[in-house]
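Engineer: Structure file target-v3.cif, mmCIF, C-alpha atoms, is pasted below:
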```cif
data_protein
loop_
_atom_site.label_atom_id
_atom_site.label_comp_id
_atom_site.auth_asym_id
_atom_site.auth_seq_id
_atom_site.Cartn_x
_atom_site.Cartn_y
_atom_site.Cartn_z
CA MET A 1 208.83 259.39 82.64
CA LYS A 2 211.61 258.05 80.44
CA PHE A 3 213.29 256.85 83.62
CA ILE A 4 210.23 254.81 84.62
CA LYS A 5 209.83 253.36 81.18
CA SER A 6 213.42 252.32 81.15
CA HIS A 7 212.88 250.26 84.31
CA LEU A 8 209.69 248.62 82.95
CA ARG A 9 211.27 247.57 79.71
CA TYR A 10 212.13 243.81 79.82
CA SER A 11 213.70 241.56 77.36
CA LYS A 12 211.84 238.56 75.93
CA SER A 13 213.65 236.10 78.18
CA GLN A 14 212.87 238.23 81.21
CA ARG A 15 209.18 238.35 80.35
CA ASN A 16 209.11 234.57 79.96
CA GLY A 17 210.67 234.18 83.39
CA ILE A 18 208.08 236.49 84.94
CA PHE A 19 205.21 234.54 83.35
CA LEU A 20 206.68 231.26 84.58
CA LEU A 21 207.00 232.64 88.08
CA LEU A 22 203.41 233.86 88.06
CA SER A 23 202.25 230.48 86.77
CA ILE A 24 204.06 228.74 89.61
CA VAL A 25 202.51 231.09 92.17
CA ILE A 26 199.03 230.49 90.77
CA VAL A 27 199.51 226.70 90.73
CA LEU A 28 200.75 226.79 94.32
CA GLN A 29 197.73 228.84 95.38
CA ILE A 30 195.36 226.39 93.74
CA PHE A 31 197.18 223.43 95.33
CA LEU A 32 197.08 225.03 98.79
CA TRP A 33 193.37 225.78 98.42
CA PHE A 34 192.68 222.21 97.33
CA VAL A 35 194.63 220.76 100.26
CA HIS A 36 192.81 223.02 102.70
CA ALA A 37 189.41 222.08 101.25
CA ASN A 38 190.31 218.37 101.35
CA LYS A 39 191.33 218.62 105.00
CA GLN A 40 188.04 220.32 105.80
CA GLU A 41 186.12 217.51 104.10
CA GLN A 42 188.15 214.93 105.98
CA VAL A 43 187.32 216.62 109.27
CA GLU A 44 183.62 216.65 108.38
CA PHE A 45 183.71 213.03 107.19
CA SER A 46 185.50 211.97 110.38
CA THR A 47 182.82 213.72 112.44
CA ILE A 48 180.05 211.96 110.52
CA SER A 49 181.84 208.61 110.76
CA ASN A 50 182.27 208.96 114.51
CA HIS A 51 178.58 209.79 114.86
CA LEU A 52 177.55 206.76 112.81
CA GLN A 53 179.86 204.50 114.80
CA SER A 54 178.28 205.83 117.98
CA GLU A 55 174.83 204.97 116.62
CA LEU A 56 175.99 201.48 115.62
CA ASP A 57 177.46 200.92 119.07
CA SER A 58 174.14 201.95 120.61
CA ILE A 59 172.25 199.52 118.37
CA ALA A 60 174.73 196.74 119.24
CA SER A 61 174.27 197.44 122.94
CA LEU A 62 170.50 197.35 122.53
CA ASP A 63 170.78 194.06 120.61
CA GLU A 64 172.83 192.58 123.44
CA VAL A 65 170.16 193.57 125.93
CA ILE A 66 167.46 192.01 123.76
CA ASN A 67 169.46 188.82 123.32
CA THR A 68 169.94 188.44 127.08
CA LYS A 69 166.15 188.35 127.56
CA ILE A 70 165.16 185.36 125.48
CA ASN A 71 161.76 183.93 126.32
CA PRO A 72 161.15 180.17 126.10
CA PHE A 73 159.89 179.13 122.66
CA ASN A 74 158.67 176.08 120.77
CA PRO A 75 161.27 175.27 118.07
CA ASN A 76 158.44 174.29 115.72
CA TYR A 77 157.24 177.91 115.63
CA LEU A 78 160.61 179.69 115.60
CA SER A 79 160.52 182.63 113.18
CA ASP A 80 163.36 183.15 110.72
CA TYR A 81 164.12 186.53 112.30
CA LYS A 82 164.33 185.07 115.79
CA ALA A 83 166.42 182.18 114.50
CA TYR A 84 168.85 184.66 112.92
CA GLN A 85 169.03 186.56 116.22
CA LEU A 86 169.92 183.36 118.03
CA GLY A 87 172.87 182.80 115.70
CA MET A 88 171.51 180.34 113.13
CA THR A 89 172.79 180.60 109.57
CA VAL A 90 170.56 181.11 106.55
CA GLU A 91 171.09 177.49 105.51
CA GLN A 92 170.08 176.21 108.95
CA ILE A 93 166.99 178.40 108.98
CA ASP A 94 166.02 177.19 105.51
CA ARG A 95 166.28 173.56 106.64
CA LEU A 96 163.99 174.29 109.60
CA MET A 97 161.42 176.07 107.43
CA ALA A 98 161.45 173.26 104.85
CA PHE A 99 160.92 170.65 107.56
CA ARG A 100 157.99 172.59 109.00
CA SER A 101 156.46 172.99 105.55
CA SER A 102 156.41 169.20 105.18
CA GLY A 103 153.91 168.97 108.04
CA LYS A 104 156.32 167.28 110.43
CA TYR A 105 157.19 168.39 113.96
CA ILE A 106 160.33 168.60 116.07
CA ASN A 107 159.77 166.79 119.36
CA SER A 108 163.22 166.87 120.95
CA PRO A 109 166.55 168.74 120.91
CA ALA A 110 167.97 165.76 119.00
CA ASP A 111 165.33 166.29 116.28
CA PHE A 112 166.22 169.99 116.11
CA LYS A 113 169.93 169.25 115.65
CA ARG A 114 169.23 166.58 113.04
CA VAL A 115 166.94 168.84 110.99
CA THR A 116 168.88 172.12 111.20
CA GLN A 117 172.40 170.67 111.53
CA VAL A 118 173.36 173.35 114.07
CA SER A 119 176.62 172.94 115.94
CA ASP A 120 176.71 171.42 119.41
CA SER A 121 177.86 174.74 120.87
CA LEU A 122 174.92 176.66 119.37
CA LEU A 123 172.48 173.94 120.44
CA ALA A 124 173.83 174.20 123.98
CA VAL A 125 173.09 177.95 123.97
CA MET A 126 169.56 177.48 122.62
CA LEU A 127 168.63 174.39 124.62
CA PRO A 128 167.64 176.17 127.89
CA TYR A 129 165.00 178.15 125.97
CA PHE A 130 163.34 175.20 124.21
CA LYS A 131 159.76 174.67 125.36
CA PHE A 132 157.88 171.67 124.05
CA PRO A 133 154.21 170.85 124.84
CA ASP A 134 153.64 168.85 128.04
CA TRP A 135 152.59 165.72 126.16
CA VAL A 136 155.87 165.79 124.21
CA THR A 137 157.91 166.31 127.37
CA LYS A 138 156.19 163.44 129.14
CA LYS A 139 156.61 161.24 126.10
CA ASN A 140 160.35 161.91 126.02
CA VAL A 141 160.81 161.14 129.72
CA ALA A 142 161.97 157.56 130.19
CA VAL A 143 159.58 155.73 132.49
CA LYS A 144 161.29 153.38 134.87
CA THR A 145 159.23 150.21 135.08
CA VAL A 146 159.46 147.78 137.96
CA LYS A 147 158.83 144.17 137.12
CA ILE A 148 156.13 142.74 139.37
CA VAL A 149 156.70 139.21 140.62
CA VAL A 150 153.28 137.59 141.03
CA LYS A 151 152.89 135.59 144.24
CA ASP A 152 150.42 132.90 145.30
CA ILE A 153 147.48 134.29 147.25
CA ASN A 154 146.96 130.89 148.89
CA THR A 155 150.37 130.98 150.57
CA ALA A 156 150.64 134.75 151.17
CA THR A 157 151.53 135.84 154.68
CA GLN A 158 150.23 138.94 156.40
CA GLU A 159 153.69 140.51 156.19
CA ALA A 160 153.70 140.03 152.41
CA LEU A 161 150.17 141.38 151.96
CA VAL A 162 150.73 144.61 153.91
CA LYS A 163 153.46 145.57 151.41
CA VAL A 164 150.72 146.13 148.82
CA LYS A 165 149.70 149.79 148.64
CA GLY A 166 146.36 150.18 150.39
CA ILE A 167 146.52 146.90 152.29
CA GLY A 168 146.99 147.46 155.98
CA ALA A 169 147.16 144.94 158.80
CA GLN A 170 143.37 144.64 159.12
CA ARG A 171 142.74 144.10 155.42
CA ALA A 172 145.56 141.58 155.24
CA SER A 173 143.99 139.74 158.18
CA ASN A 174 140.58 139.75 156.45
CA ILE A 175 142.13 138.22 153.30
CA ILE A 176 143.73 135.39 155.29
CA GLN A 177 140.62 134.74 157.41
CA TYR A 178 138.41 134.52 154.32
CA ARG A 179 140.94 132.17 152.72
CA LYS A 180 140.58 129.86 155.73
CA LEU A 181 136.81 130.08 155.51
CA LEU A 182 136.87 129.11 151.84
CA GLY A 183 139.43 126.41 152.35
CA GLY A 184 141.59 128.32 149.91
CA TYR A 185 140.98 130.61 146.94
CA THR A 186 140.04 128.76 143.75
CA TYR A 187 139.40 131.81 141.54
CA ASP A 188 141.09 135.24 141.54
CA GLU A 189 137.60 136.80 141.49
CA GLN A 190 136.96 135.48 145.02
CA LEU A 191 139.18 138.27 146.35
CA LYS A 192 136.32 140.63 145.49
CA GLU A 193 134.30 138.92 148.22
CA VAL A 194 136.70 139.98 150.96
CA TRP A 195 135.05 142.68 153.04
CA GLY A 196 136.52 146.18 153.20
CA ILE A 197 138.81 146.30 150.12
CA PRO A 198 138.14 149.25 147.75
CA LYS A 199 138.12 148.54 144.00
CA GLU A 200 141.31 150.49 143.27
CA VAL A 201 143.18 148.67 146.06
CA LEU A 202 141.81 145.34 144.84
CA LYS A 203 143.22 146.01 141.34
CA THR A 204 146.66 146.62 142.83
CA LEU A 205 146.37 143.50 144.98
CA GLN A 206 145.39 141.30 142.03
CA LYS A 207 148.43 142.49 140.07
CA GLU A 208 150.74 141.11 142.74
CA PHE A 209 148.77 138.13 144.07
CA LYS A 210 146.91 135.47 142.11
CA VAL A 211 145.73 131.90 142.56
CA LEU A 212 148.81 129.92 141.55
CA SER A 213 147.96 126.73 143.43
CA LYS A 214 144.48 125.23 143.64
CA PRO A 215 143.25 124.47 147.16
CA ASN A 216 142.45 120.94 148.29
CA ILE A 217 138.82 121.30 149.42
CA ASP A 218 137.04 118.53 151.35
CA GLN A 219 133.73 118.05 149.57
CA LEU A 220 130.50 117.04 151.29
CA ASN A 221 128.17 114.41 149.93
CA VAL A 222 125.03 116.35 149.09
CA ASN A 223 122.92 113.25 149.82
CA THR A 224 124.21 112.72 153.37
CA ALA A 225 125.22 116.19 154.60
CA THR A 226 123.10 117.71 157.36
CA VAL A 227 121.58 121.16 157.32
CA ASN A 228 124.26 122.43 159.72
CA GLN A 229 127.08 120.99 157.61
CA LEU A 230 125.67 122.53 154.43
CA SER A 231 125.15 125.94 156.05
CA LYS A 232 128.84 126.12 156.95
CA ILE A 233 129.68 126.40 153.27
CA VAL A 234 130.40 130.07 152.51
CA TYR A 235 127.90 130.32 149.67
CA ILE A 236 125.05 128.42 151.37
CA ASN A 237 123.00 130.06 154.11
CA TYR A 238 120.81 128.19 156.56
CA ALA A 239 117.58 128.66 154.57
CA LEU A 240 119.19 127.33 151.38
CA ALA A 241 120.65 124.37 153.32
CA LYS A 242 117.16 123.46 154.52
CA SER A 243 115.80 123.73 150.96
CA ILE A 244 118.50 121.37 149.69
CA VAL A 245 117.76 118.77 152.36
CA ALA A 246 113.99 119.11 151.70
CA TYR A 247 114.50 118.58 147.98
CA ARG A 248 116.75 115.59 148.64
CA THR A 249 114.07 114.02 150.84
CA GLU A 250 111.48 114.61 148.13
CA VAL A 251 113.46 112.99 145.31
CA ALA A 252 115.06 110.35 147.55
CA GLU A 253 118.51 111.00 146.08
CA ILE A 254 120.20 113.74 144.12
CA GLN A 255 121.81 112.14 141.07
CA ASP A 256 123.57 115.22 139.71
CA LEU A 257 124.47 118.54 141.30
CA GLU A 258 122.81 120.28 138.34
CA GLU A 259 119.49 119.31 140.00
CA LEU A 260 120.18 121.92 142.68
CA LYS A 261 119.32 124.62 140.15
CA ILE A 262 115.72 123.36 140.27
CA ILE A 263 115.41 124.35 143.92
CA ARG A 264 113.47 127.55 144.46
CA ASP A 265 115.67 130.60 145.17
CA PHE A 266 118.84 128.66 144.44
CA PRO A 267 121.61 131.20 143.45
CA LYS A 268 122.36 129.89 139.95
CA ASP A 269 125.14 132.49 139.50
CA LYS A 270 127.00 130.82 142.39
CA PHE A 271 126.50 127.23 141.23
CA ASN A 272 130.14 126.81 140.16
CA LEU A 273 131.34 128.04 143.52
CA ILE A 274 128.91 125.88 145.52
CA SER A 275 129.80 122.82 143.44
CA LEU A 276 133.40 123.17 144.68
CA TYR A 277 132.21 121.97 148.11
CA LEU A 278 129.71 119.19 147.15
CA HIS A 279 129.56 115.93 145.30
CA ALA A 280 126.61 113.62 144.52
CA TYR A 281 128.20 110.15 144.58
#
```
Translate the structure described by the file into structure tokens.
Structural biologist:
Amino acid sequence: MKFIKSHLRYSKSQRNGIFLLLSIVIVLQIFLWFVHANKQEQVEFSTISNHLQSELDSIASLDEVINTKINPFNPNYLSDYKAYQLGMTVEQIDRLMAFRSSGKYINSPADFKRVTQVSDSLLAVMLPYFKFPDWVTKKNVAVKTVKIVVKDINTATQEALVKVKGIGAQRASNIIQYRKLLGGYTYDEQLKEVWGIPKEVLKTLQKEFKVLSKPNIDQLNVNTATVNQLSKIVYINYALAKSIVAYRTEVAEIQDLEELKIIRDFPKDKFNLISLYLHAY
């Protein structure tokens, strides 16, 4: 027993050394435990981070799929969310919303760029998906106008007339034959008297051909002309010619063509046309 006690008896310096050694061992144990726990947390955090990154990658892939299927849209009704998806900045979206709130409308890609101030590259990406109303699209299309050179109907040839849409060879021939019968067109309205020309074709014809030179018509003396001579005038039929001669015989002489209006059944609405072919002196 004394032997054992002698071996367990330490000096003060020895005891201090033992305590220091134990302290070091304990500190090392705590440090090793802490390092092990920290590594475990890092492994768990890495696992969670990888999982989150995988989810984000999936969302990004889905977003790419959505972005590749953009439906046409009217820029005036572009939502702020859709605008953000298309790559517009918050400032650009705010400008668009403010413009819409003012009651104005964007009617062209140029308007959209001016209002939003998007870059040319972004506008080029968005442009294929712009869809404006038909009336806006038609308004923005430049209409090529062809200047029409008006020609004289009294000198028009058949070759020139058939170039008018709706005027074929037969109608062109009718126009020329009636011109000969009249002695030349005096009024543009006389083209309405040509047989066989529809109204819509006549409108086109009168845009390209008008009376530019007055015809030189040989007038008949109403006091000496025979019934046959009078009836050859386009606007006077045989019965009217006989009535004119009968009236002339009754009054001895017609002093003024206005007297013709007194004759029964005289076509007063055609007086100006008939007076082109008569004189009373």
Engineer: Give me, please, the distance in Å between CA of Met97 in chain A and CA of Asp80 in chain A, quoted to one decimal.
Structural biologist: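 CA of Asp80 in chain A lies at a distance of 8.0 Å from CA of Met97 in chain A.
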Engineer: Need the shell around Ile175 in chain A: protein/DNA/RNA residues with any atom at most 12 Å away, counting only C-alpha atoms. Skip same-chain ones fewer than 6 positions apart. Format as a ChimeraX atom specification?
Structural biologist: /A:153-158,160-162,167-169,181-182,184-185,190-197,202,205,209
Engineer: One decimal, in Å: what's the spacing between CA of Leu240 in chain A and CA of Pro198 in chain A?
Structural biologist: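 Separation between CA of Leu240 in chain A and CA of Pro198 in chain A: 29.2 Å.
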Engineer: Excluding Lys131 in chain A and residues on its chain fewer than 6 positions from it, collect all residues at most 8 Å away from it, counting only C-alpha atoms, and give them as a PyMOL selection string.
Structural biologist: chain A and resi 72-75
Engineer: What lies within 8 Å of Tyr247 in chain A using only C-alpha atoms, ignoring chain neighbours under 4 positions off, as a count of residues only?
Structural biologist: 3
Engineer: Between A:Ile18, A:Val125, A:Leu230, A:Val149, which residue has the minimum interatomic distance to Ile244 in chain A, considering all atoms listed in the file?
Structural biologist: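 Checking each of A:Ile18, A:Val125, A:Leu230, A:Val149 against Ile244 in chain A, counting all atoms listed in the file, the winner is A:Leu230.
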Engineer: Would you kindly translate the PyMOL selection byres ((chain A and resi 236) around 12) into the concrete residues it picks from this file, as a PyMOL selection string?
Structural biologist: chain A and resi 182+227-235+237-244+260+265-268+270-271+273-278
Engineer: Could you tell me how far CA of Asp269 in chain A sits from CA of Ala225 in chain A, in Å to one decimal place?
Structural biologist: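 Separation of CA of Ala225 in chain A and CA of Asp269 in chain A: 22.2 Å.
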Engineer: Could you list, as a PyMOL selection string, every residue matched by the PyMOL selection byres ((chain A and resi 82) around 12) in this structure?
Structural biologist: chain A and resi 66-67+70-75+77-81+83-90+93+126
Engineer: From the list A:Arg179, A:Arg171, A:His279, A:Arg248, which residue is nearest Leu220 in chain A when using all atoms listed in the file?
Structural biologist: A:His279
